[in-house]
>>> print(open('upload-v3.txt').read())   # compact mmCIF, C-alpha atoms
# COMPACT_ATOMS: atom_id res chain seq x y z
CA MET A 255 89.73 83.74 4.98
CA ARG A 256 93.33 83.24 6.04
CA GLN A 257 95.49 86.30 6.47
CA GLY A 258 97.20 87.43 3.32
CA ALA A 259 94.94 85.48 0.97
CA ALA A 260 93.97 87.46 -2.10
CA ARG A 261 90.31 88.37 -2.46
CA PRO A 262 88.83 87.94 -5.95
CA SER A 263 88.11 91.35 -7.40
CA THR A 264 84.57 92.39 -8.30
CA GLY A 265 85.73 92.62 -11.90
CA ASP A 266 86.90 89.00 -11.85
CA GLY A 267 83.50 87.93 -10.55
CA ARG A 268 81.69 89.78 -13.29
CA ARG A 269 83.96 88.27 -15.92
CA GLY A 270 83.30 84.79 -14.52
CA VAL A 271 79.54 85.26 -14.66
CA GLN A 272 79.82 86.63 -18.20
CA SER A 273 81.87 83.60 -19.26
CA VAL A 274 79.21 81.25 -17.91
CA ALA A 275 76.49 83.21 -19.72
CA THR A 276 78.48 83.09 -22.98
CA ALA A 277 79.04 79.33 -22.61
CA LEU A 278 75.30 78.83 -22.18
CA ASP A 279 74.61 81.02 -25.22
CA LEU A 280 77.07 78.85 -27.14
CA LEU A 281 75.12 75.72 -26.20
CA ASP A 282 71.92 77.41 -27.36
CA CYS A 283 73.58 78.14 -30.73
CA LEU A 284 74.49 74.48 -31.14
CA ALA A 285 71.01 73.41 -30.06
CA ALA A 286 69.58 75.31 -33.03
CA GLU A 287 71.90 73.70 -35.61
CA ARG A 288 73.24 70.22 -36.34
CA GLU A 289 76.81 71.56 -36.17
CA LEU A 290 78.72 74.86 -36.44
CA GLY A 291 82.29 75.97 -37.09
CA VAL A 292 84.27 77.99 -34.57
CA ALA A 293 84.25 81.15 -36.72
CA GLU A 294 80.46 81.04 -37.12
CA ILE A 295 80.00 80.44 -33.38
CA GLY A 296 82.19 83.45 -32.63
CA ARG A 297 80.18 85.57 -35.06
CA ARG A 298 76.85 84.56 -33.56
CA LEU A 299 78.05 85.21 -30.01
CA GLY A 300 79.81 88.45 -30.90
CA ILE A 301 83.17 87.27 -29.56
CA ALA A 302 86.61 86.72 -31.07
CA LYS A 303 87.32 83.41 -32.79
CA SER A 304 90.07 82.72 -30.22
CA SER A 305 87.62 83.25 -27.35
CA ALA A 306 85.08 80.93 -28.98
CA HIS A 307 87.80 78.31 -29.40
CA ARG A 308 88.76 78.50 -25.70
CA LEU A 309 85.14 78.07 -24.63
CA LEU A 310 84.66 75.18 -27.02
CA SER A 311 87.82 73.45 -25.77
CA THR A 312 86.55 73.62 -22.18
CA LEU A 313 83.09 72.32 -23.12
CA VAL A 314 84.60 69.52 -25.23
CA ALA A 315 86.79 68.45 -22.27
CA LYS A 316 83.67 68.25 -20.06
CA GLY A 317 81.63 66.32 -22.65
CA TYR A 318 79.05 69.05 -23.28
CA VAL A 319 80.27 69.60 -26.86
CA GLN A 320 81.82 67.27 -29.43
CA GLN A 321 84.06 68.07 -32.39
CA VAL A 322 83.04 66.36 -35.63
CA PRO A 323 86.21 64.72 -37.03
CA GLU A 324 85.14 64.94 -40.68
CA THR A 325 84.29 68.64 -40.70
CA ARG A 326 86.15 69.98 -37.61
CA ASN A 327 82.87 71.67 -36.69
CA TYR A 328 81.18 71.35 -33.30
CA ARG A 329 77.92 69.82 -32.08
CA LEU A 330 76.24 69.12 -28.74
CA GLY A 331 77.83 66.35 -26.68
CA LEU A 332 76.42 63.26 -25.03
CA ARG A 333 76.77 64.75 -21.54
CA LEU A 334 73.80 67.01 -22.32
CA HIS A 335 71.78 63.98 -23.40
CA GLU A 336 72.62 62.28 -20.10
CA LEU A 337 71.48 65.33 -18.12
CA GLY A 338 68.32 65.63 -20.21
CA ALA A 339 67.49 61.98 -19.60
CA LEU A 340 68.04 62.53 -15.88
CA VAL A 341 65.68 65.53 -15.87
CA ALA A 342 63.07 63.53 -17.76
CA SER A 343 63.33 60.57 -15.38
CA ARG A 344 62.59 62.86 -12.41
CA ASN A 345 59.72 64.65 -14.07
CA GLN A 346 56.33 64.25 -12.36
CA LEU A 347 54.49 65.56 -15.38
CA ARG A 348 56.13 62.90 -17.53
CA ASP A 349 55.09 60.16 -15.11
CA HIS A 350 51.44 61.21 -15.32
CA ALA A 351 51.56 61.68 -19.09
CA LEU A 352 53.22 58.39 -19.99
CA PRO A 353 50.09 56.17 -20.00
CA LEU A 354 48.23 58.85 -21.99
CA LEU A 355 51.02 58.92 -24.57
CA GLU A 356 50.95 55.11 -24.76
CA ALA A 357 47.20 55.26 -25.45
CA LEU A 358 47.65 57.97 -28.10
CA ARG A 359 50.31 55.92 -29.89
CA THR A 360 47.99 52.89 -29.88
CA GLN A 361 44.96 54.90 -31.07
CA THR A 362 46.73 56.78 -33.86
CA GLY A 363 49.60 54.49 -34.75
CA GLU A 364 51.89 57.54 -34.72
CA THR A 365 54.62 58.96 -32.49
CA ALA A 366 53.38 60.66 -29.30
CA HIS A 367 55.23 63.47 -27.51
CA LEU A 368 55.19 65.44 -24.28
CA ALA A 369 57.02 68.79 -24.53
CA VAL A 370 57.64 71.74 -22.21
CA PRO A 371 58.91 75.25 -23.05
CA GLU A 372 62.56 76.13 -22.44
CA GLY A 373 63.12 79.79 -23.30
CA ALA A 374 62.49 80.18 -27.02
CA GLN A 375 62.44 76.43 -27.64
CA MET A 376 60.43 73.34 -26.79
CA PHE A 377 62.09 70.48 -24.95
CA TYR A 378 60.64 67.05 -25.67
CA VAL A 379 60.48 65.36 -22.28
CA GLU A 380 59.13 62.11 -23.69
CA ARG A 381 58.75 60.57 -27.14
CA LEU A 382 57.07 57.25 -27.85
CA GLU A 383 57.93 56.23 -31.40
CA SER A 384 55.45 54.89 -33.93
CA TYR A 385 55.51 51.17 -34.68
CA GLN A 386 54.75 51.86 -38.34
CA GLY A 387 58.21 51.49 -39.81
CA LEU A 388 59.44 54.88 -41.00
CA ARG A 389 60.00 57.11 -37.98
CA PHE A 390 60.06 60.70 -39.10
CA SER A 391 60.24 62.12 -35.60
CA SER A 392 63.44 60.23 -34.81
CA ARG A 393 65.22 62.75 -37.09
CA VAL A 394 63.95 65.68 -35.05
CA SER A 395 66.02 66.93 -32.11
CA ARG A 396 64.62 66.88 -28.59
CA VAL A 397 64.93 70.69 -28.59
CA ARG A 398 63.16 72.65 -31.32
CA PRO A 399 62.32 76.36 -31.86
CA ILE A 400 58.80 77.24 -30.74
CA HIS A 401 57.59 78.62 -34.07
CA LEU A 402 58.45 75.45 -36.01
CA THR A 403 56.42 72.95 -34.01
CA SER A 404 52.78 72.29 -33.22
CA SER A 405 53.74 71.86 -29.54
CA GLY A 406 55.46 75.24 -29.47
CA LYS A 407 52.51 76.99 -31.07
CA ALA A 408 50.04 75.24 -28.76
CA VAL A 409 51.91 76.47 -25.69
CA ALA A 410 52.67 79.98 -27.01
CA ALA A 411 48.98 80.52 -27.82
CA PHE A 412 48.15 80.17 -24.12
CA ASN A 413 51.35 81.49 -22.51
CA GLN A 414 52.32 85.10 -23.20
CA GLU A 415 55.82 84.69 -21.79
CA VAL A 416 56.56 81.83 -24.18
CA ALA A 417 55.14 83.77 -27.12
CA GLU A 418 57.34 86.77 -26.28
CA ALA A 419 60.42 84.53 -26.02
CA ALA A 420 59.72 83.16 -29.49
CA ILE A 421 59.27 86.66 -30.93
CA ALA A 422 62.49 87.88 -29.31
CA ALA A 423 64.41 84.93 -30.78
CA GLY A 424 63.19 85.65 -34.31
CA PHE A 425 61.79 83.37 -36.97
CA VAL A 426 64.42 81.42 -38.86
CA PRO A 427 62.58 79.23 -41.41
CA ARG A 428 63.50 75.59 -41.91
CA THR A 429 61.28 74.92 -44.91
CA PRO A 430 59.18 77.03 -47.31
CA ARG A 431 56.18 76.33 -45.03
CA SER A 432 57.83 77.63 -41.84
CA ILE A 433 56.52 80.72 -40.04
CA LYS A 434 58.72 83.62 -41.18
CA ASN A 435 57.67 86.71 -39.21
CA GLU A 436 55.90 88.00 -36.11
CA GLU A 437 52.68 88.92 -37.91
CA GLN A 438 52.27 85.39 -39.25
CA PHE A 439 53.17 83.91 -35.85
CA LEU A 440 50.56 85.98 -33.99
CA ARG A 441 47.91 85.09 -36.57
CA VAL A 442 48.64 81.40 -36.08
CA LEU A 443 48.44 81.77 -32.29
CA ALA A 444 45.04 83.45 -32.57
CA ASP A 445 43.78 80.60 -34.77
CA THR A 446 45.19 78.09 -32.27
CA ARG A 447 43.32 79.71 -29.37
CA GLY A 448 40.12 79.53 -31.38
CA ARG A 449 40.53 75.82 -32.20
CA GLY A 450 42.12 74.72 -28.95
CA TYR A 451 44.93 72.92 -30.78
CA ALA A 452 47.83 73.62 -33.15
CA TYR A 453 49.16 71.74 -36.14
CA SER A 454 52.24 71.79 -38.34
CA ILE A 455 52.63 70.30 -41.81
CA GLY A 456 56.13 70.39 -43.26
CA GLU A 457 57.14 73.46 -41.20
CA ASP A 458 60.09 71.87 -39.38
CA GLU A 459 60.89 68.87 -41.58
CA PRO A 460 59.57 68.31 -45.11
CA GLY A 461 56.93 65.60 -45.07
CA LEU A 462 56.49 65.67 -41.27
CA ALA A 463 53.13 66.61 -39.74
CA SER A 464 52.07 67.00 -36.13
CA VAL A 465 49.06 68.02 -34.03
CA ALA A 466 49.36 69.36 -30.46
CA ALA A 467 47.09 70.44 -27.62
CA PRO A 468 48.16 72.61 -24.66
CA VAL A 469 48.27 71.38 -21.08
CA LEU A 470 46.96 74.29 -19.00
CA ASP A 471 47.45 74.96 -15.31
CA ARG A 472 44.63 76.16 -13.07
CA THR A 473 45.18 79.74 -14.15
CA GLY A 474 44.69 78.85 -17.82
CA VAL A 475 48.37 79.21 -18.72
CA ALA A 476 49.93 76.50 -20.90
CA ARG A 477 52.78 74.68 -19.19
CA ALA A 478 53.27 71.81 -21.65
CA ALA A 479 51.85 70.23 -24.78
CA ILE A 480 50.90 66.74 -25.89
CA SER A 481 51.33 66.00 -29.58
CA VAL A 482 51.16 63.30 -32.23
CA ALA A 483 53.56 63.35 -35.18
CA GLY A 484 54.08 61.31 -38.31
CA PRO A 485 54.42 61.45 -42.08
CA ALA A 486 52.12 63.98 -43.76
CA THR A 487 50.83 61.14 -45.92
CA ARG A 488 49.28 59.64 -42.77
CA ILE A 489 48.43 62.90 -40.94
CA SER A 490 47.00 64.88 -43.81
CA GLU A 491 44.94 68.08 -43.56
CA SER A 492 41.74 66.05 -43.87
CA GLN A 493 42.77 63.90 -40.87
CA ILE A 494 43.92 66.68 -38.55
CA GLY A 495 40.53 67.19 -36.91
CA GLN A 496 40.24 63.52 -35.98
CA VAL A 497 43.77 63.39 -34.57
CA ALA A 498 43.18 66.68 -32.73
CA ARG A 499 40.19 65.25 -30.87
CA ARG A 500 42.32 62.46 -29.47
CA VAL A 501 45.21 64.78 -28.58
CA LYS A 502 42.89 67.28 -26.86
CA ALA A 503 41.26 64.48 -24.89
CA ALA A 504 44.68 63.32 -23.66
CA ALA A 505 45.64 66.88 -22.66
CA ILE A 506 42.37 67.30 -20.76
CA GLN A 507 43.01 64.04 -18.90
CA LEU A 508 46.48 65.24 -17.93
CA MET A 509 45.05 68.57 -16.74
CA SER A 510 42.64 66.72 -14.47
CA VAL A 511 45.44 65.06 -12.51
CA GLU A 512 45.81 66.41 -8.99
CA ALA A 513 49.57 66.59 -8.56
CA ALA A 514 52.30 68.94 -7.39
CA TRP A 515 53.04 70.28 -10.87
CA TRP A 516 49.43 71.32 -11.31
CA THR A 517 49.71 74.36 -9.01
CA GLY A 518 51.04 76.50 -11.85
CA SER A 519 54.60 76.62 -10.53
CA GLY A 520 57.23 73.97 -10.09
CA TYR A 521 55.37 71.79 -12.59
CA ARG A 522 58.60 70.12 -13.62
>>> encode(input="upload-v3.txt", output="structure tokens")
Amino acid sequence: MRQGAARPSTGDGRRGVQSVATALDLLDCLAAERELGVAEIGRRLGIAKSSAHRLLSTLVAKGYVQQVPETRNYRLGLRLHELGALVASRNQLRDHALPLLEALRTQTGETAHLAVPEGAQMFYVERLESYQGLRFSSRVSRVRPIHLTSSGKAVAAFNQEVAEAAIAAGFVPRTPRSIKNEEQFLRVLADTRGRGYAYSIGEDEPGLASVAAPVLDRTGVARAAISVAGPATRISESQIGQVARRVKAAAIQLMSVEAAWWTGSGYR
């Protein structure tokens, strides 16, 4: 450091780290909703409206957040989609899963997914849409709360850390069929462990059904999930068992792959 140059104070460093953490919390807030106003964002983050506005202005300038002209609210920006696509394109697990998802889509005629846990949410690394016209899953974000999805429940049932993250985040219902509390969540996870798969009917989106099986590492911990989703009229309760057999078979095939991700760490 050149003589006379000012050293950043420890307090400045702490404030900088806190600002980064708050910005990331803000992105998480927007990930959970289609859009939010600045006052509501400030309330959820526990910061002043002016502070929320400054953070939003910075994130908008960088492309991570967009302002909706009609409502003046904010939503996630396309830069995050670009980064997510980049992560997905470099994902070994995705590469191994892709032919299995293609086969599942052909066998069931429905949309096939590969998802991995991200904190209290599931990130959909890959989605192969159904060819059958109406595409329910295209209305569902690539990031969804664990308790609302079959993929989230399949992973949480076999991964204690993921289950605890979902419990800590709370259970905000999306429909009358959504899981609403910890007791119900734990009961569903126990049932999922007994069956070896999870399902969801109208819990995230009305009329949308899905079936998921966990992808376990060599220690028996779930690191991902494979799922099939479509209209509840085509994936009804009477058809879940048949779909589950195909989904579980695909997950077992993926677990049999000898690859770097399979060690139980660094699987992405």
>>> atom_distance(input="upload-v3.txt", atom1="atom CA of A:Ala410", atom2="atom CA of A:Leu330")
26.0 Å
>>> atom_distance(input="upload-v3.txt", atom1="atom CA of A:Ala411", atom2="atom CA of A:Ala275")
28.8 Å
>>> atom_distance(input="upload-v3.txt", atom1="atom CA of A:Arg477", atom2="atom CA of A:Phe377")
11.7 Å
>>> closest_atom_pairs(input="upload-v3.txt", of="stretch 379-477 of chain A", to="stretch 488-502 of chain A", cutoff="10 Å", atoms="all atoms listed in the file", output="JSON lines")
{"residue": "A:Arg449", "atom": "CA", "partner": "A:Ala498", "partner_atom": "CA", "distance": 9.5}
{"residue": "A:Gly450", "atom": "CA", "partner": "A:Lys502", "partner_atom": "CA", "distance": 7.8}
{"residue": "A:Tyr451", "atom": "CA", "partner": "A:Ala498", "partner_atom": "CA", "distance": 6.8}
{"residue": "A:Ala452", "atom": "CA", "partner": "A:Ala498", "partner_atom": "CA", "distance": 8.4}
{"residue": "A:Tyr453", "atom": "CA", "partner": "A:Ile494", "partner_atom": "CA", "distance": 7.7}
{"residue": "A:Ser454", "atom": "CA", "partner": "A:Glu491", "partner_atom": "CA", "distance": 9.7}
{"residue": "A:Ile455", "atom": "CA", "partner": "A:Ser490", "partner_atom": "CA", "distance": 8.1}
{"residue": "A:Gly461", "atom": "CA", "partner": "A:Ile489", "partner_atom": "CA", "distance": 9.8}
{"residue": "A:Leu462", "atom": "CA", "partner": "A:Ile489", "partner_atom": "CA", "distance": 8.5}
{"residue": "A:Ala463", "atom": "CA", "partner": "A:Ile489", "partner_atom": "CA", "distance": 6.1}
{"residue": "A:Ser464", "atom": "CA", "partner": "A:Ile489", "partner_atom": "CA", "distance": 7.3}
{"residue": "A:Val465", "atom": "CA", "partner": "A:Ala498", "partner_atom": "CA", "distance": 6.2}
{"residue": "A:Ala466", "atom": "CA", "partner": "A:Val501", "partner_atom": "CA", "distance": 6.5}
{"residue": "A:Ala467", "atom": "CA", "partner": "A:Lys502", "partner_atom": "CA", "distance": 5.3}
{"residue": "A:Pro468", "atom": "CA", "partner": "A:Lys502", "partner_atom": "CA", "distance": 7.8}
{"residue": "A:Val469", "atom": "CA", "partner": "A:Lys502", "partner_atom": "CA", "distance": 8.9}
>>> closest_residue(input="upload-v3.txt", among="A:Leu337, A:Leu508, A:Cys283, A:Val274", to="A:Leu368", atoms="only C-alpha atoms")
A:Leu508
>>> residues_near_point(input="upload-v3.txt", point="(78.4, 72.1, -30.9)", cutoff="9 Å", atoms="only C-alpha atoms", output="list in words")
Leu280, Leu281, Cys283, Leu284, Ala285, Glu287, Arg288, Glu289, Leu290, Gly291, Ile295, Leu310, Val314, Tyr318, Val319, Gln320, Gln321, Val322, Asn327, Tyr328, Arg329, Leu330 and Gly331 of chain A
>>> write_last_selection(input="upload-v3.txt", atoms="C-alpha atoms", output="PDB file, in the frame of the given file")
ATOM      1  CA  LEU A 280      77.070  78.850 -27.140  1.00  0.00           C
ATOM      2  CA  LEU A 281      75.120  75.720 -26.200  1.00  0.00           C
ATOM      3  CA  CYS A 283      73.580  78.140 -30.730  1.00  0.00           C
ATOM      4  CA  LEU A 284      74.490  74.480 -31.140  1.00  0.00           C
ATOM      5  CA  ALA A 285      71.010  73.410 -30.060  1.00  0.00           C
ATOM      6  CA  GLU A 287      71.900  73.700 -35.610  1.00  0.00           C
ATOM      7  CA  ARG A 288      73.240  70.220 -36.340  1.00  0.00           C
ATOM      8  CA  GLU A 289      76.810  71.560 -36.170  1.00  0.00           C
ATOM      9  CA  LEU A 290      78.720  74.860 -36.440  1.00  0.00           C
ATOM     10  CA  GLY A 291      82.290  75.970 -37.090  1.00  0.00           C
ATOM     11  CA  ILE A 295      80.000  80.440 -33.380  1.00  0.00           C
ATOM     12  CA  LEU A 310      84.660  75.180 -27.020  1.00  0.00           C
ATOM     13  CA  VAL A 314      84.600  69.520 -25.230  1.00  0.00           C
ATOM     14  CA  TYR A 318      79.050  69.050 -23.280  1.00  0.00           C
ATOM     15  CA  VAL A 319      80.270  69.600 -26.860  1.00  0.00           C
ATOM     16  CA  GLN A 320      81.820  67.270 -29.430  1.00  0.00           C
ATOM     17  CA  GLN A 321      84.060  68.070 -32.390  1.00  0.00           C
ATOM     18  CA  VAL A 322      83.040  66.360 -35.630  1.00  0.00           C
ATOM     19  CA  ASN A 327      82.870  71.670 -36.690  1.00  0.00           C
ATOM     20  CA  TYR A 328      81.180  71.350 -33.300  1.00  0.00           C
ATOM     21  CA  ARG A 329      77.920  69.820 -32.080  1.00  0.00           C
ATOM     22  CA  LEU A 330      76.240  69.120 -28.740  1.00  0.00           C
ATOM     23  CA  GLY A 331      77.830  66.350 -26.680  1.00  0.00           C
TER      24      GLY A 331
END
